[in-house]
Amino acid sequence: MKRVYVNEKWCLACHLCEYYCTFAGTGEKDMARALKGIRTNPRIKIEEKDDISFAVSCRHCKEPLCVKGCITGALTVSDGVVTINSDKCISCFTCILCCPYGAISYADDKTVLKCELCIRTADRTPACVKGCPNGAIVFEERG
């Protein structure tokens with residue numbers, strides 16, 4: 001299954017992946033208008049430590065602890081992609097506590113956010129991959 005991978009050596013820490021990720025969730029056509037004046041809630045986050053920058057996002061684990069820990073069944077796995085049904089989520093944040101990678105967060109309205117690989121977009125290519133100016137984020141299958 002294809003997943004998002006990051007080459008830390010190429011990451012510029014420009015945070016564009018975060019903006020593209022947030023923009024993809026708006027359904028709008030103009031990024032500047034869609035994101036103007038709002039606090040972004042990306043499903044991918046850039047972390048910086050010393051001279052290394054890297055992106056943290058859902059790894060879509062083969063046996064995801066977040067899915068096992070979800071008490072309402074809001075998190076499920078379909079075709080290898082861990083997705084969330086917001087209608088079932090009660091914002092208990094157990095999934096956030098269970099994720100060993102810190103890849104699940106929540107928005108200001110307490111809705112749980114995680115990368116779903118942009119499966120609801122037309123071309124099914126994650127927005128963070130398309131928006132990375134340096135090609136540090138890729139969407140590929142690895143052994």
# chains A, B, ... in the order shown; residues from 1 in each chain; ligands from 1
>>> closest_atom_pairs(of="range 22-60 of chain A", to="range 77-91 of chain A", cutoff="12 Å", atoms="only C-alpha atoms", output="tab-separated table")
residue	atom	partner	partner_atom	distance
A:Ser57	CA	A:Val82	CA	11.7
A:Cys58	CA	A:Val82	CA	8.3
A:Arg59	CA	A:Val82	CA	8.8
A:His60	CA	A:Val82	CA	5.6
>>> select_by_dssp(residues="range 32-82 of chain A", states="helix (DSSP H, G or I)", output="JSON list (two decimals) with N, CA and C atoms, in the first residue's frame")
[["chain", "number", "residue", "atom", "x", "y", "z"],
["A", 32, "ALA", "N", -5.60, 31.20, -0.66],
["A", 32, "ALA", "CA", -5.48, 32.44, 0.10],
["A", 32, "ALA", "C", -6.81, 32.81, 0.75],
["A", 33, "ARG", "N", -7.89, 32.68, 0.02],
["A", 33, "ARG", "CA", -9.21, 33.01, 0.59],
["A", 33, "ARG", "C", -9.63, 31.97, 1.62],
["A", 34, "ALA", "N", -9.34, 30.72, 1.36],
["A", 34, "ALA", "CA", -9.77, 29.65, 2.26],
["A", 34, "ALA", "C", -9.06, 29.72, 3.61],
["A", 35, "LEU", "N", -7.80, 30.11, 3.62],
["A", 35, "LEU", "CA", -7.02, 30.09, 4.86],
["A", 35, "LEU", "C", -6.85, 31.45, 5.51],
["A", 65, "LEU", "N", -2.92, 1.01, 16.85],
["A", 65, "LEU", "CA", -3.35, 1.08, 18.25],
["A", 65, "LEU", "C", -4.48, 2.08, 18.43],
["A", 66, "CYS", "N", -4.52, 3.12, 17.60],
["A", 66, "CYS", "CA", -5.59, 4.11, 17.70],
["A", 66, "CYS", "C", -6.94, 3.48, 17.42],
["A", 67, "VAL", "N", -7.00, 2.58, 16.45],
["A", 67, "VAL", "CA", -8.25, 1.91, 16.11],
["A", 67, "VAL", "C", -8.66, 0.98, 17.25],
["A", 68, "LYS", "N", -7.69, 0.26, 17.80],
["A", 68, "LYS", "CA", -7.99, -0.64, 18.92],
["A", 68, "LYS", "C", -8.46, 0.14, 20.15],
["A", 69, "GLY", "N", -7.93, 1.33, 20.34],
["A", 69, "GLY", "CA", -8.27, 2.13, 21.51],
["A", 69, "GLY", "C", -9.54, 2.95, 21.37]]
>>> atom_distance(atom1="CA of Met31 in chain A", atom2="CA of Ala127 in chain A")
12.1 Å
>>> closest_atom_pairs(of="range 46-118 of chain A", to="range 2-24 of chain A", cutoff="12 Å", atoms="only C-alpha atoms", output="CSV")
residue,atom,partner,partner_atom,distance
A:Ile46,CA,A:His15,CA,6.3
A:Glu47,CA,A:Ala13,CA,8.0
A:Glu48,CA,A:Ala13,CA,7.4
A:Lys49,CA,A:Ala13,CA,10.7
A:Asp50,CA,A:Ala13,CA,11.9
A:Asp51,CA,A:Lys9,CA,9.6
A:Ile52,CA,A:Glu8,CA,6.6
A:Ser53,CA,A:Ala13,CA,5.7
A:Phe54,CA,A:Glu8,CA,5.2
A:Ala55,CA,A:Val6,CA,6.5
A:Val56,CA,A:Val6,CA,8.8
A:Ser57,CA,A:Val4,CA,8.0
A:Cys58,CA,A:Val4,CA,8.4
A:Arg59,CA,A:Arg3,CA,7.1
A:His60,CA,A:Arg3,CA,7.6
A:Cys61,CA,A:Arg3,CA,10.0
A:Lys62,CA,A:Arg3,CA,11.7
A:Asp79,CA,A:Lys2,CA,10.6
A:Gly80,CA,A:Lys2,CA,9.0
A:Val81,CA,A:Arg3,CA,9.0
A:Val82,CA,A:Arg3,CA,11.4
A:Ala107,CA,A:Thr22,CA,11.2
A:Leu113,CA,A:Thr22,CA,10.6
A:Lys114,CA,A:Cys21,CA,10.5
A:Cys115,CA,A:Cys21,CA,8.7
A:Glu116,CA,A:Arg3,CA,10.2
A:Leu117,CA,A:Arg3,CA,7.7
A:Cys118,CA,A:Ala24,CA,7.7
>>> closest_residue(among="A:Asp123, A:Cys128, A:Ser105, A:Val112", to="Ala74 in chain A", atoms="only C-alpha atoms")
A:Val112
>>> select_by_dssp(residues="chain A", states="strand (DSSP E or B)", output="JSON, numbers by chain")
{"A": [3, 4, 5, 6, 45, 46, 47, 48, 49, 52, 53, 54, 55, 56, 75, 76, 77, 78, 81, 82, 83, 84, 105, 106, 112, 113, 137, 138, 139, 140]}
>>> write_last_selection(atoms="C-alpha atoms", output="compact mmCIF listing (two decimals), in the first residue's frame")
# COMPACT_ATOMS: atom_id res chain seq x y z
CA ARG A 3 2.07 5.70 2.19
CA VAL A 4 3.51 9.15 2.82
CA TYR A 5 7.26 9.14 3.46
CA VAL A 6 9.56 12.03 4.25
CA LYS A 45 2.98 18.67 11.15
CA ILE A 46 6.59 19.75 10.74
CA GLU A 47 8.82 19.15 13.72
CA GLU A 48 12.26 20.72 14.01
CA LYS A 49 15.06 19.42 16.20
CA ILE A 52 16.79 18.28 11.24
CA SER A 53 13.24 18.93 10.03
CA PHE A 54 10.72 16.16 9.56
CA ALA A 55 7.03 15.74 8.98
CA VAL A 56 4.82 13.81 11.39
CA LEU A 75 -11.64 4.91 13.71
CA THR A 76 -11.56 2.10 11.19
CA VAL A 77 -9.21 0.61 8.61
CA SER A 78 -10.36 0.36 5.00
CA VAL A 81 -6.10 3.51 5.32
CA VAL A 82 -7.05 4.48 8.87
CA THR A 83 -10.07 6.77 8.64
CA ILE A 84 -12.29 8.56 11.12
CA SER A 105 -4.43 15.80 17.02
CA TYR A 106 -7.59 17.81 17.53
CA VAL A 112 -10.12 14.62 16.02
CA LEU A 113 -7.80 15.15 13.06
CA ILE A 137 7.47 14.25 0.89
CA VAL A 138 6.62 11.34 -1.37
CA PHE A 139 3.65 9.00 -1.75
CA GLU A 140 4.94 5.57 -2.67
>>> atom_distance(atom1="CA of Glu141 in chain A", atom2="CA of Thr40 in chain A")
28.8 Å
>>> atom_distance(atom1="CA of Cys99 in chain A", atom2="CA of Pro126 in chain A")
20.8 Å
>>> closest_residue(among="A:Gly143, A:Gly25, A:Pro64, A:Gly102", to="Pro42 in chain A", atoms="only C-alpha atoms")
A:Gly25
